[in-house]
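Coordinates from structure13.tsv are shown below (TSV, C-alpha atoms and all ligand atoms).
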chain	number	residue	atom	x	y	z
V	1	MET	CA	31.20	-3.65	8.64
V	2	ALA	CA	32.81	-0.37	9.56
V	3	ASN	CA	31.79	-0.29	13.21
V	4	THR	CA	34.90	-1.04	15.30
V	5	ARG	CA	33.00	-1.52	18.58
V	6	LEU	CA	30.94	-4.22	16.94
V	7	LEU	CA	34.01	-5.80	15.37
V	8	GLN	CA	35.59	-6.04	18.82
V	9	LEU	CA	32.65	-8.18	19.92
V	10	GLU	CA	33.26	-10.77	17.24
V	11	ALA	CA	35.57	-12.88	19.36
V	12	LYS	CA	33.43	-12.78	22.52
V	13	THR	CA	32.23	-16.18	23.65
V	14	THR	CA	28.63	-15.00	24.09
V	15	ILE	CA	28.55	-13.70	20.51
V	16	VAL	CA	30.17	-16.85	19.15
V	17	ASP	CA	27.66	-19.00	21.07
V	18	ALA	CA	24.68	-16.92	19.96
V	19	SER	CA	25.79	-17.11	16.32
V	20	LYS	CA	26.08	-20.88	16.59
V	21	ARG	CA	22.72	-21.17	18.34
V	22	LEU	CA	21.05	-19.14	15.60
V	23	GLY	CA	22.98	-20.70	12.75
V	24	MET	CA	24.19	-17.30	11.58
V	25	PRO	CA	27.70	-16.14	10.72
V	26	ARG	CA	28.95	-13.82	13.48
V	27	ARG	CA	29.09	-10.79	11.22
V	28	ASP	CA	25.52	-11.35	10.06
V	29	PHE	CA	24.44	-11.61	13.68
V	30	LEU	CA	26.21	-8.39	14.61
V	31	GLN	CA	24.89	-6.68	11.51
V	32	PHE	CA	21.36	-7.73	12.41
V	33	CYS	CA	21.79	-6.25	15.89
V	34	ALA	CA	23.08	-3.04	14.31
V	35	THR	CA	19.91	-3.02	12.19
V	36	LEU	CA	17.74	-3.42	15.26
V	37	ALA	CA	19.53	-0.57	17.02
V	38	ALA	CA	19.16	1.62	13.93
V	39	GLY	CA	15.49	0.73	13.56
V	40	LEU	CA	14.94	1.65	17.20
V	41	GLY	CA	16.45	5.06	16.49
V	42	LEU	CA	19.16	4.50	19.11
V	43	PRO	CA	22.26	6.70	19.10
V	44	PRO	CA	25.49	5.46	17.51
V	45	GLY	CA	27.27	3.03	19.82
V	46	ALA	CA	24.09	1.45	21.17
V	47	GLU	CA	24.34	-1.41	18.69
V	48	ALA	CA	27.06	-3.08	20.80
V	49	ALA	CA	24.78	-3.04	23.87
V	50	VAL	CA	21.97	-4.47	21.77
V	51	ALA	CA	24.21	-7.26	20.44
V	52	GLU	CA	25.37	-8.19	23.94
V	53	ALA	CA	21.80	-8.20	25.27
V	54	VAL	CA	20.51	-10.35	22.40
V	55	ALA	CA	23.43	-12.77	22.78
V	56	SER	CA	23.03	-13.11	26.54
V	57	LYS	CA	20.97	-15.95	27.86
V	58	LYS	CA	18.82	-13.63	29.96
V	59	ARG	CA	15.51	-14.37	28.30
V	60	PRO	CA	12.34	-12.80	29.69
V	61	SER	CA	9.52	-15.22	30.38
V	62	VAL	CA	6.56	-14.54	28.09
V	63	ILE	CA	2.95	-15.49	28.76
V	64	TRP	CA	1.04	-15.23	25.47
V	65	LEU	CA	-2.77	-15.20	25.52
V	66	HIS	CA	-5.09	-15.68	22.53
V	67	PHE	CA	-8.60	-14.31	22.34
V	68	GLN	CA	-10.80	-13.05	19.48
V	69	GLU	CA	-8.51	-13.16	16.44
V	70	CYS	CA	-7.32	-15.22	13.51
V	71	THR	CA	-3.89	-16.16	14.95
V	72	GLY	CA	-2.33	-14.14	12.15
V	73	CYS	CA	-0.11	-12.34	14.65
V	74	THR	CA	1.50	-15.60	15.70
V	75	GLU	CA	1.56	-16.90	12.14
V	76	SER	CA	3.32	-13.82	10.83
V	77	LEU	CA	5.84	-14.17	13.61
V	78	LEU	CA	6.58	-17.81	12.91
V	79	ARG	CA	6.15	-18.07	9.17
V	80	ALA	CA	8.81	-15.59	8.13
V	81	GLU	CA	10.17	-16.45	4.69
V	82	HIS	CA	13.64	-16.30	6.13
V	83	PRO	CA	13.98	-18.33	9.31
V	84	THR	CA	16.23	-15.87	11.12
V	85	LEU	CA	13.61	-13.48	12.45
V	86	GLU	CA	11.53	-16.29	13.89
V	87	ARG	CA	14.58	-17.95	15.42
V	88	LEU	CA	15.71	-14.69	16.93
V	89	ILE	CA	12.31	-14.03	18.47
V	90	LEU	CA	12.17	-17.49	20.00
V	91	ASP	CA	15.77	-17.09	21.15
V	92	VAL	CA	15.35	-13.75	22.92
V	93	ILE	CA	12.22	-14.76	24.81
V	94	SER	CA	11.27	-17.77	26.86
V	95	LEU	CA	7.80	-18.61	25.59
V	96	ASP	CA	6.35	-20.24	28.68
V	97	TYR	CA	2.69	-20.25	27.70
V	98	HIS	CA	1.27	-20.08	24.18
V	99	GLU	CA	-1.96	-21.90	23.36
V	100	THR	CA	-1.23	-22.33	19.65
V	101	LEU	CA	2.28	-23.63	20.05
V	102	PHE	CA	1.96	-25.79	23.13
V	103	ALA	CA	1.78	-29.51	22.49
V	104	ALA	CA	0.15	-30.00	25.88
V	105	ALA	CA	-3.49	-29.21	26.56
V	106	GLY	CA	-6.09	-28.83	29.31
V	107	HIS	CA	-5.12	-28.65	32.99
V	108	GLN	CA	-1.48	-29.41	32.20
V	109	VAL	CA	-1.07	-26.29	30.11
V	110	GLU	CA	-3.00	-24.07	32.52
V	111	GLN	CA	-0.69	-25.31	35.26
V	112	ALA	CA	2.33	-24.40	33.11
V	113	ARG	CA	1.00	-20.84	32.87
V	114	LYS	CA	0.49	-20.56	36.62
V	115	THR	CA	3.92	-22.05	37.37
V	116	ALA	CA	5.67	-19.66	34.95
V	117	MET	CA	3.79	-16.67	36.39
V	118	ALA	CA	4.70	-17.60	39.97
V	119	ALA	CA	8.34	-18.29	39.11
V	120	ASN	CA	8.72	-14.97	37.26
V	121	LYS	CA	6.43	-12.82	39.38
V	122	GLY	CA	6.85	-9.13	38.49
V	123	ALA	CA	9.33	-9.94	35.72
V	124	TYR	CA	7.42	-11.72	32.93
V	125	LEU	CA	6.01	-10.09	29.82
V	126	LEU	CA	2.33	-10.60	29.12
V	127	VAL	CA	1.53	-10.60	25.40
V	128	VAL	CA	-2.13	-10.52	24.43
V	129	GLU	CA	-3.20	-11.43	20.90
V	130	GLY	CA	-6.83	-10.83	19.95
V	131	ALA	CA	-9.65	-8.62	21.12
V	132	ILE	CA	-11.49	-9.12	24.38
V	133	PRO	CA	-15.28	-9.47	24.27
V	134	THR	CA	-16.80	-7.43	27.07
V	135	ARG	CA	-20.54	-7.73	26.44
V	136	ASP	CA	-22.67	-9.96	28.69
V	137	GLY	CA	-19.93	-10.40	31.25
V	138	GLY	CA	-17.39	-11.47	28.66
V	139	ILE	CA	-18.97	-14.89	28.04
V	140	TYR	CA	-18.14	-14.91	24.32
V	141	CYS	CA	-14.53	-16.00	24.83
V	142	LYS	CA	-13.43	-18.42	27.53
V	143	VAL	CA	-10.25	-20.45	28.02
V	144	GLY	CA	-10.05	-23.09	30.74
V	145	GLY	CA	-13.39	-21.89	32.14
V	146	GLN	CA	-12.22	-18.29	32.59
V	147	THR	CA	-13.36	-15.36	30.47
V	148	ALA	CA	-10.84	-13.40	28.44
V	149	ILE	CA	-11.46	-10.48	30.80
V	150	GLU	CA	-10.62	-12.57	33.88
V	151	LEU	CA	-7.54	-14.11	32.27
V	152	THR	CA	-6.19	-10.76	31.11
V	153	ARG	CA	-6.62	-9.19	34.53
V	154	GLU	CA	-5.14	-12.20	36.32
V	155	CYS	CA	-2.09	-12.43	34.06
V	156	ALA	CA	-1.50	-8.66	33.94
V	157	ALA	CA	-1.47	-8.32	37.74
V	158	ASP	CA	2.13	-9.53	38.15
V	159	ALA	CA	3.53	-8.75	34.69
V	160	ALA	CA	6.51	-6.43	34.21
V	161	ALA	CA	4.84	-5.11	31.06
V	162	VAL	CA	1.79	-5.87	28.96
V	163	ILE	CA	2.08	-5.91	25.18
V	164	ALA	CA	-1.06	-5.93	23.03
V	165	ILE	CA	0.04	-7.46	19.75
V	166	GLY	CA	-2.03	-6.83	16.64
V	167	SER	CA	-4.89	-4.42	16.03
V	168	CYS	CA	-7.44	-6.70	17.75
V	169	ALA	CA	-5.64	-6.55	21.09
V	170	SER	CA	-4.61	-2.92	20.57
V	171	TRP	CA	-8.06	-1.42	19.98
V	172	GLY	CA	-10.52	-4.16	19.04
V	173	GLY	CA	-9.46	-4.49	15.39
V	174	MET	CA	-11.56	-6.56	13.04
V	175	PRO	CA	-13.78	-8.21	15.71
V	176	SER	CA	-14.86	-4.75	16.86
V	177	THR	CA	-16.19	-3.78	13.43
V	178	ALA	CA	-19.67	-2.25	13.69
V	179	PRO	CA	-22.07	-3.38	15.08
V	180	ASN	CA	-19.54	-5.15	17.32
V	181	PRO	CA	-22.00	-7.70	18.73
V	182	THR	CA	-19.68	-9.06	21.42
V	183	GLY	CA	-18.35	-5.71	22.62
V	184	SER	CA	-14.80	-6.49	21.44
V	185	SER	CA	-12.30	-4.20	23.09
V	186	GLY	CA	-8.59	-3.62	23.37
V	187	VAL	CA	-6.47	-4.69	26.34
V	188	ALA	CA	-6.00	-1.15	27.70
V	189	ASP	CA	-9.77	-0.67	27.93
V	190	VAL	CA	-10.17	-3.89	29.87
V	191	LEU	CA	-7.28	-3.20	32.24
V	192	GLY	CA	-8.15	0.48	32.58
V	193	LYS	CA	-4.52	1.45	32.13
V	194	PRO	CA	-2.15	2.00	29.20
V	195	VAL	CA	-0.32	-0.95	27.67
V	196	VAL	CA	2.20	-1.26	24.84
V	197	THR	CA	0.34	-1.67	21.56
V	198	ILE	CA	1.79	-3.08	18.35
V	199	PRO	CA	-1.12	-2.67	15.94
V	200	GLY	CA	-1.32	-4.18	12.47
V	201	CYS	CA	-3.38	-7.01	11.07
V	202	PRO	CA	-1.06	-8.76	11.25
V	203	PRO	CA	1.55	-6.59	12.95
V	204	ASN	CA	5.09	-6.59	11.71
V	205	PRO	CA	7.04	-9.20	13.73
V	206	TYR	CA	10.09	-6.97	13.43
V	207	ASN	CA	8.36	-4.36	15.61
V	208	PHE	CA	7.64	-6.95	18.28
V	209	LEU	CA	11.22	-8.20	18.23
V	210	ALA	CA	12.64	-4.67	18.41
V	211	THR	CA	10.36	-3.81	21.37
V	212	VAL	CA	11.43	-6.92	23.28
V	213	VAL	CA	15.10	-6.32	22.45
V	214	HIS	CA	14.80	-2.78	23.80
V	215	PHE	CA	13.33	-4.20	27.01
V	216	LEU	CA	16.13	-6.74	27.18
V	217	THR	CA	18.89	-4.19	26.55
V	218	PHE	CA	17.72	-1.34	28.76
V	219	ALA	CA	15.26	-3.06	31.16
V	220	ALA	CA	12.74	-0.52	29.90
V	221	LEU	CA	10.20	-0.22	27.15
V	222	PRO	CA	10.96	1.96	24.13
V	223	PRO	CA	9.36	5.44	24.06
V	224	LEU	CA	5.65	5.13	23.34
V	225	ASP	CA	3.03	7.53	22.01
V	226	GLU	CA	-0.23	8.23	23.82
V	227	LEU	CA	-1.81	5.18	22.19
V	228	GLY	CA	0.96	2.97	23.57
V	229	ARG	CA	2.62	2.49	20.17
V	230	PRO	CA	6.44	2.36	20.06
V	231	LYS	CA	7.48	5.63	18.47
V	232	PHE	CA	10.28	3.99	16.50
V	233	ALA	CA	7.66	2.18	14.43
V	234	TYR	CA	4.53	4.33	14.44
V	235	SER	CA	5.73	7.93	14.30
V	236	ARG	CA	5.53	8.37	10.57
V	237	LEU	CA	2.64	8.19	8.15
V	238	ILE	CA	2.94	5.43	5.59
V	239	HIS	CA	2.46	8.12	2.96
V	240	GLU	CA	5.70	9.80	4.06
V	241	ASN	CA	7.91	6.83	3.28
V	242	CYS	CA	5.96	5.27	0.44
V	243	GLU	CA	7.90	4.36	-2.68
V	244	ARG	CA	4.95	5.67	-4.77
V	245	ARG	CA	4.98	9.07	-3.07
V	246	ALA	CA	6.67	10.82	-5.98
V	247	HIS	CA	3.73	9.77	-8.15
V	248	PHE	CA	1.27	11.21	-5.60
V	249	ASP	CA	3.09	14.53	-5.63
V	250	ALA	CA	3.22	14.53	-9.42
V	251	GLY	CA	-0.49	13.66	-9.73
V	252	ARG	CA	0.05	10.26	-11.32
V	253	PHE	CA	-2.62	7.87	-10.05
V	254	ALA	CA	-3.87	4.37	-10.80
V	255	MET	CA	-7.59	4.83	-11.44
V	256	GLN	CA	-8.55	1.16	-11.71
V	257	PHE	CA	-6.90	-2.11	-10.76
V	258	GLY	CA	-5.00	-3.32	-13.81
V	259	ASP	CA	-5.08	-0.03	-15.74
V	260	GLU	CA	-1.95	1.50	-17.20
V	261	GLY	CA	-1.24	3.60	-14.11
V	262	HIS	CA	-1.57	0.55	-11.88
V	263	ARG	CA	0.76	-1.45	-14.08
V	264	LYS	CA	3.28	1.40	-14.03
V	265	GLY	CA	3.29	1.52	-10.22
V	266	TYR	CA	1.52	4.88	-9.88
V	267	CYS	CA	0.05	6.09	-6.58
V	268	LEU	CA	-2.93	4.12	-5.25
V	269	TYR	CA	-4.63	7.05	-3.51
V	270	LYS	CA	-7.59	7.06	-5.88
V	271	LEU	CA	-8.08	3.34	-5.30
V	272	GLY	CA	-8.63	4.14	-1.62
V	273	CYS	CA	-5.10	3.91	-0.20
V	274	LYS	CA	-5.19	4.93	3.48
V	275	GLY	CA	-1.42	5.56	3.70
V	276	PRO	CA	-1.99	9.32	4.14
V	277	GLU	CA	-3.80	8.77	7.46
V	278	THR	CA	-2.10	5.64	8.78
V	279	TYR	CA	0.92	5.58	11.07
V	280	ALA	CA	3.23	2.59	10.60
V	281	ASN	CA	6.64	1.63	9.27
V	282	CYS	CA	5.43	-0.88	6.66
V	283	PRO	CA	7.28	0.79	3.74
V	284	THR	CA	10.60	0.79	5.59
V	285	ALA	CA	10.40	-2.41	7.66
V	286	LEU	CA	8.65	-4.50	4.97
V	287	PHE	CA	7.24	-7.98	5.57
V	288	GLY	CA	8.44	-11.51	5.05
V	289	ASP	CA	12.13	-10.92	4.31
V	290	ALA	CA	11.54	-11.68	0.66
V	291	GLY	CA	13.14	-8.58	-0.83
V	292	ALA	CA	12.01	-5.18	-2.06
V	293	GLY	CA	8.34	-4.29	-2.37
V	294	THR	CA	7.03	-6.82	0.15
V	295	TRP	CA	4.31	-4.74	1.74
V	296	PRO	CA	0.71	-4.06	0.68
V	297	VAL	CA	1.34	-0.95	-1.46
V	298	GLY	CA	4.55	-2.47	-2.81
V	299	CYS	CA	2.46	-5.41	-4.05
V	300	GLY	CA	-0.03	-3.08	-5.76
V	301	HIS	CA	-2.79	-3.05	-3.14
V	302	PRO	CA	-3.89	0.13	-1.39
V	303	CYS	CA	-3.09	0.28	2.31
V	304	ILE	CA	-6.35	-0.37	4.20
V	305	GLY	CA	-5.05	1.33	7.36
V	306	CYS	CA	-4.95	-1.90	9.33
V	307	THR	CA	-2.85	-0.35	12.12
V	308	GLU	CA	-5.09	2.66	12.65
V	309	GLN	CA	-8.19	2.72	14.81
V	310	GLY	CA	-11.05	4.42	12.98
V	311	VAL	CA	-9.48	3.65	9.59
V	312	GLY	CA	-8.81	-0.08	9.26
V	313	PHE	CA	-12.04	-2.13	9.24
V	314	SER	CA	-14.03	1.09	9.61
V	315	LYS	CA	-13.58	3.04	6.40
V	316	PRO	CA	-14.58	1.28	3.19
V	317	ILE	CA	-11.59	0.22	1.11
V	318	HIS	CA	-12.59	2.41	-1.86
V	319	MET	CA	-13.17	5.56	0.26
V	320	LEU	CA	-10.65	8.34	-0.30
V	321	SER	CA	-8.23	8.89	2.54
V	322	LYS	CA	-7.90	12.04	4.58
V	323	VAL	CA	-4.49	13.54	3.78
V	324	LYS	CA	-3.08	14.34	7.21
V	325	ASN	CA	0.21	15.79	6.21
V	326	ALA	CA	0.23	17.50	2.86
V	327	GLU	CA	3.82	18.67	3.12
V	328	PRO	CA	6.19	17.09	0.63
V	329	PRO	CA	8.79	14.76	2.16
V	330	GLN	CA	12.35	15.95	2.70
V	331	GLN	CA	13.67	13.22	0.51
V	332	TYR	CA	11.95	11.46	-2.39
V	333	PRO	CA	12.25	7.73	-2.84
V	334	ARG	CA	13.06	6.37	-6.28
V	335	ILE	CA	10.06	6.35	-8.63
V	336	VAL	CA	10.96	2.91	-9.88
V	337	GLU	CA	11.96	0.45	-7.16
V	338	GLU	CA	14.61	-2.11	-8.00
V	339	GLN	CA	12.94	-5.50	-8.02
V	340	GLY	CA	14.22	-9.04	-7.53
V	341	VAL	CA	17.12	-8.35	-5.25
V	342	GLY	CA	16.42	-11.65	-3.53
V	343	ALA	CA	15.97	-12.60	0.09
V	344	THR	CA	17.68	-10.47	2.64
V	345	LEU	CA	18.28	-11.05	6.28
V	346	GLY	CA	15.75	-9.50	8.58
V	347	SER	CA	13.82	-6.53	7.33
V	348	ALA	CA	15.05	-5.93	3.87
V	349	SER	CA	15.05	-2.20	3.32
V	350	LEU	CA	16.38	-1.37	6.75
V	351	LEU	CA	19.12	-3.90	6.37
V	352	ALA	CA	20.06	-2.74	2.93
V	353	ALA	CA	20.41	0.75	4.31
V	354	VAL	CA	22.33	-0.47	7.28
V	355	ALA	CA	24.93	-2.59	5.51
V	356	GLY	CA	28.19	-0.90	6.31
V	357	ALA	CA	26.54	2.22	7.71
V	358	ALA	CA	24.42	1.30	10.68
V	359	ALA	CA	24.64	4.63	12.37
V	360	GLY	CA	23.91	6.43	9.13
V	361	ALA	CA	20.78	4.37	8.60
V	362	GLY	CA	19.74	4.99	12.16
V	363	ALA	CA	20.11	8.67	11.62
V	364	MET	CA	18.18	8.44	8.36
V	365	VAL	CA	15.29	6.54	9.92
V	366	ALA	CA	15.34	8.58	13.08
V	367	ARG	CA	15.96	11.94	11.43
V	368	ASN	CA	12.37	12.92	11.21
V	369	LEU	CA	11.05	10.72	14.00
V	370	GLY	CA	8.77	12.68	16.18
V	371	LEU	CA	7.95	15.43	13.71
V	372	SER	CA	4.77	14.04	12.23
V	373	HIS	CA	4.12	12.29	15.51
V	374	GLN	CA	4.07	15.62	17.32
V	375	ALA	CA	1.68	16.93	14.70
V	376	ALA	CA	-0.65	13.97	15.26
V	377	GLU	CA	-0.51	14.36	19.02
V	378	ALA	CA	-1.30	18.06	18.71
V	379	GLU	CA	-4.21	17.18	16.45
V	380	ARG	CA	-5.58	14.65	18.95
V	381	ALA	CA	-5.19	17.12	21.82
V	382	ARG	CA	-7.05	19.74	19.77
V	383	ALA	CA	-9.85	17.27	18.98
V	384	ALA	CA	-10.10	16.34	22.68
V	385	ARG	CA	-10.25	20.03	23.64
V	386	GLU	CA	-12.98	20.67	21.09
V	387	LYS	CA	-14.93	17.67	22.44
V	388	THR	CA	-14.81	18.97	26.02
V	389	GLU	CA	-15.69	22.51	24.93
V	390	VAL	CA	-18.85	21.20	23.16
V	401	LIG	FE1	-5.37	-11.90	13.09
V	401	LIG	FE2	-3.89	-11.27	15.39
V	401	LIG	FE3	-5.41	-9.47	12.62
V	401	LIG	FE4	-6.12	-9.65	14.95
V	401	LIG	O1	-3.31	-10.31	14.18
V	401	LIG	S1	-3.93	-10.88	11.72
V	401	LIG	S2	-7.27	-10.67	13.20
V	401	LIG	S3	-4.78	-8.07	14.30
V	401	LIG	O2	-5.17	-10.44	16.44
V	401	LIG	O3	-4.42	-12.76	14.60
V	402	LIG	FE1	1.76	5.56	-1.30
V	402	LIG	FE2	-0.79	5.38	-0.77
V	402	LIG	FE3	0.48	7.66	-0.31
V	402	LIG	FE4	0.01	6.87	-2.79
V	402	LIG	S1	-1.53	7.44	-1.24
V	402	LIG	S2	1.92	7.67	-2.01
V	402	LIG	S3	0.22	4.65	-2.65
V	402	LIG	S4	0.84	5.74	0.73
V	403	LIG	FE1	-1.63	-2.50	7.17
V	403	LIG	FE2	-1.41	-0.52	5.49
V	403	LIG	FE3	0.71	-1.56	6.57
V	403	LIG	S1	-2.84	-2.20	5.35
V	403	LIG	S2	0.19	-3.68	6.80
V	403	LIG	S3	-0.91	-0.48	7.63
V	403	LIG	S4	0.51	-0.84	4.51
Can you give me the file's structure in the form of structure tokens?
Amino acid sequence: MANTRLLQLEAKTTIVDASKRLGMPRRDFLQFCATLAAGLGLPPGAEAAVAEAVASKKRPSVIWLHFQECTGCTESLLRAEHPTLERLILDVISLDYHETLFAAAGHQVEQARKTAMAANKGAYLLVVEGAIPTRDGGIYCKVGGQTAIELTRECAADAAAVIAIGSCASWGGMPSTAPNPTGSSGVADVLGKPVVTIPGCPPNPYNFLATVVHFLTFAALPPLDELGRPKFAYSRLIHENCERRAHFDAGRFAMQFGDEGHRKGYCLYKLGCKGPETYANCPTALFGDAGAGTWPVGCGHPCIGCTEQGVGFSKPIHMLSKVKNAEPPQQYPRIVEEQGVGATLGSASLLAAVAGAAAGAGAMVARNLGLSHQAAEAERARAAREKTEV
């Protein structure tokens, strides 16, 4: 680890304690924090502040609600192949109410929620998982006799921030698929104000952790786009960072599952890949800590656009994607990815890039942040203008 500021932290009691608590060697812990800082696109030097914030015992109280969903958000958070991510998440937050994880039930657990909300008034984080049914007064989802609408409004009233985790809570997701019989909606629609959204079905737990760590470090949320998505994770099209992109540009496509092109790892565009119109960091953050290639396209399946409203669960899987940004990338990934590098700590590709060069990786990830995002925002503004002119 070349970063001297981080090295100076090694002997600090808080860092030693945190490493013990998490069962990680100190350098791995510091390296992980450097990865988080890099992934957040923070300037060089911020990794020390991140490490100190993660190591401190100041854990924000979290109230976690479940509505119309499959619990995949929670599962993906807790079933990481490598235990570190899950441990870190549970270490940086104080999970004071979570229906799936609580051993208690009934009035006892509802009381726990009310007690935690009162004790942390104005300071707790409200995390909502699942869509909210709004038709017929919201009767299609009730917990403890209250509708999802009532619970969301009650719990959001005194929250420091509201995070909609997963596509269901972000914009309705799978439950809102046409004809949407229960009127499934996202949290922002129900509250009538913007919230942080971390779409994905399931979302990447790394993006949730990084958002919370930003809140912990700076007492503020990371920069968001107009859909409430953290820019560090949703500013780039999947297509821009895809390991198969060189094949797309060279016109080498898999035409059928299992054909020669598919076996050779060619581009999946003609099998309906929605990477060219989907904003997310799946190719760089990866899933499951199991090594290279652990994301849908890396495993040979076209991206279905699960993070993107109007794409995931709306467009048929086989339908060709709209190519939003036809410009070639500034840097091409390798055509053939190295396979079988084994489990890595945290999010594999980011970490691999970060090892020994955290600031460099941060610069690499952040270099083009905002460029395609600005293009998308301009496009949305233009569409909105056209709508009002009509
Ligand atoms: Fe499931 Fe979450 Fe999908 Fe939805 O993730 S993985 S249906 S986004 O709310 O539990
Ligand atoms: Fe990757 Fe899909 Fe783009 Fe092909 S179309 S380069 S598989 S994101
Ligand atoms: Fe979803 Fe596509 Fe990523 S399907 S998980 S947005 S690669």
Return as a CSV table (one decimal) with C-alpha atoms, in the coordinates of the input the residues of protein, DNA or RNA that approach ligand LIG 401 (chain V) to within 8 Å, with all atoms listed in the file taken into account.
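Writing done, so here's part33.csv:
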chain,number,residue,atom,x,y,z
V,67,PHE,CA,-8.6,-14.3,22.3
V,68,GLN,CA,-10.8,-13.0,19.5
V,69,GLU,CA,-8.5,-13.2,16.4
V,70,CYS,CA,-7.3,-15.2,13.5
V,71,THR,CA,-3.9,-16.2,15.0
V,72,GLY,CA,-2.3,-14.1,12.2
V,73,CYS,CA,-0.1,-12.3,14.6
V,74,THR,CA,1.5,-15.6,15.7
V,75,GLU,CA,1.6,-16.9,12.1
V,76,SER,CA,3.3,-13.8,10.8
V,129,GLU,CA,-3.2,-11.4,20.9
V,130,GLY,CA,-6.8,-10.8,20.0
V,131,ALA,CA,-9.6,-8.6,21.1
V,165,ILE,CA,0.0,-7.5,19.8
V,166,GLY,CA,-2.0,-6.8,16.6
V,167,SER,CA,-4.9,-4.4,16.0
V,168,CYS,CA,-7.4,-6.7,17.8
V,169,ALA,CA,-5.6,-6.6,21.1
V,173,GLY,CA,-9.5,-4.5,15.4
V,174,MET,CA,-11.6,-6.6,13.0
V,175,PRO,CA,-13.8,-8.2,15.7
V,199,PRO,CA,-1.1,-2.7,15.9
V,200,GLY,CA,-1.3,-4.2,12.5
V,201,CYS,CA,-3.4,-7.0,11.1
V,202,PRO,CA,-1.1,-8.8,11.2
V,203,PRO,CA,1.6,-6.6,13.0
V,306,CYS,CA,-5.0,-1.9,9.3
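With atom CA of Gly39 of chain V on one side and atom CA of Tyr97 of chain V on the other, the separation reads 28.4 Å.
If you look at atom CA of Phe29 of chain V and atom CA of Gly293 of chain V, they are 23.9 Å away from each other.
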| task | Select the residues contacting ligand LIG 403 (chain V) at a distance of at most 9 Å, based on only C-alpha atoms and all ligand atoms, then format the selection as a PyMOL selection string. | result | chain V and resi 199-204+238+273-275+278-283+286-287+295-298+301-308+312
| message | One number please: atom CA of Gly251 of chain V to atom CA of Tyr234 of chain V, in Å, one decimal. | response | 26.4 Å
| query | Neighbours of ligand LIG 402 (chain V) within 9 Å, counting all atoms listed in the file, as a PyMOL selection string? | reply | chain V and resi 237-249+253+265-278+283+297-298+300-303+321+323
| field | Nearest to Gly106 of chain V, chosen from V:Gly145, V:Ser56, V:Ile163, V:Cys33, with all atoms listed in the file counted in the distances | value | V:Gly145
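Of the listed residues (V:Val190, V:Ala37, V:Ala116, V:Leu227), V:Ala37 comes nearest to Asn207 of chain V; the distances count all atoms listed in the file.
Distance annotation: of V:Asp28, V:Asp91, V:Glu10, V:Glu52, the residue with the minimal separation from Phe218 of chain V is V:Glu52; atom set is only C-alpha atoms.
Of the listed residues V:Glu99, V:Asp259, V:Asp158, V:Asp189, the one whose atoms come nearest to Val143 of chain V is V:Glu99, with distances taken using all atoms listed in the file.
Using only C-alpha atoms, the shortest contact distance between Ala159 of chain V and any of V:Ile198, V:Ala119, V:Ile132, V:Val213 is found at V:Ala119.
Residues surrounding Leu95 of chain V within 10 Å are V:Arg59, V:Pro60, V:Ser61, V:Val62, V:Ile63, V:Trp64, V:Ile89, V:Leu101, V:Phe102, V:Ala116, V:Leu125 [all atoms listed in the file; sequence separation below 6 positions excluded].
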Contacts of His107 of chain V within 8 Å, only C-alpha atoms, excl. fewer than 3 positions in-chain, as an mmCIF file with C-alpha atoms, keeping the file's coordinate frame:
data_model
loop_
_atom_site.group_PDB
_atom_site.id
_atom_site.type_symbol
_atom_site.label_atom_id
_atom_site.label_comp_id
_atom_site.auth_asym_id
_atom_site.auth_seq_id
_atom_site.Cartn_x
_atom_site.Cartn_y
_atom_site.Cartn_z
ATOM 1 C CA GLU V 110 -3.000 -24.070 32.520
ATOM 2 C CA GLN V 111 -0.690 -25.310 35.260
ATOM 3 C CA GLY V 144 -10.050 -23.090 30.740
#
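Minimum distance to Phe32 of chain V across V:Ala118, V:Val50, V:Val212, V:Val162 (counting all atoms listed in the file) occurs at V:Val50.
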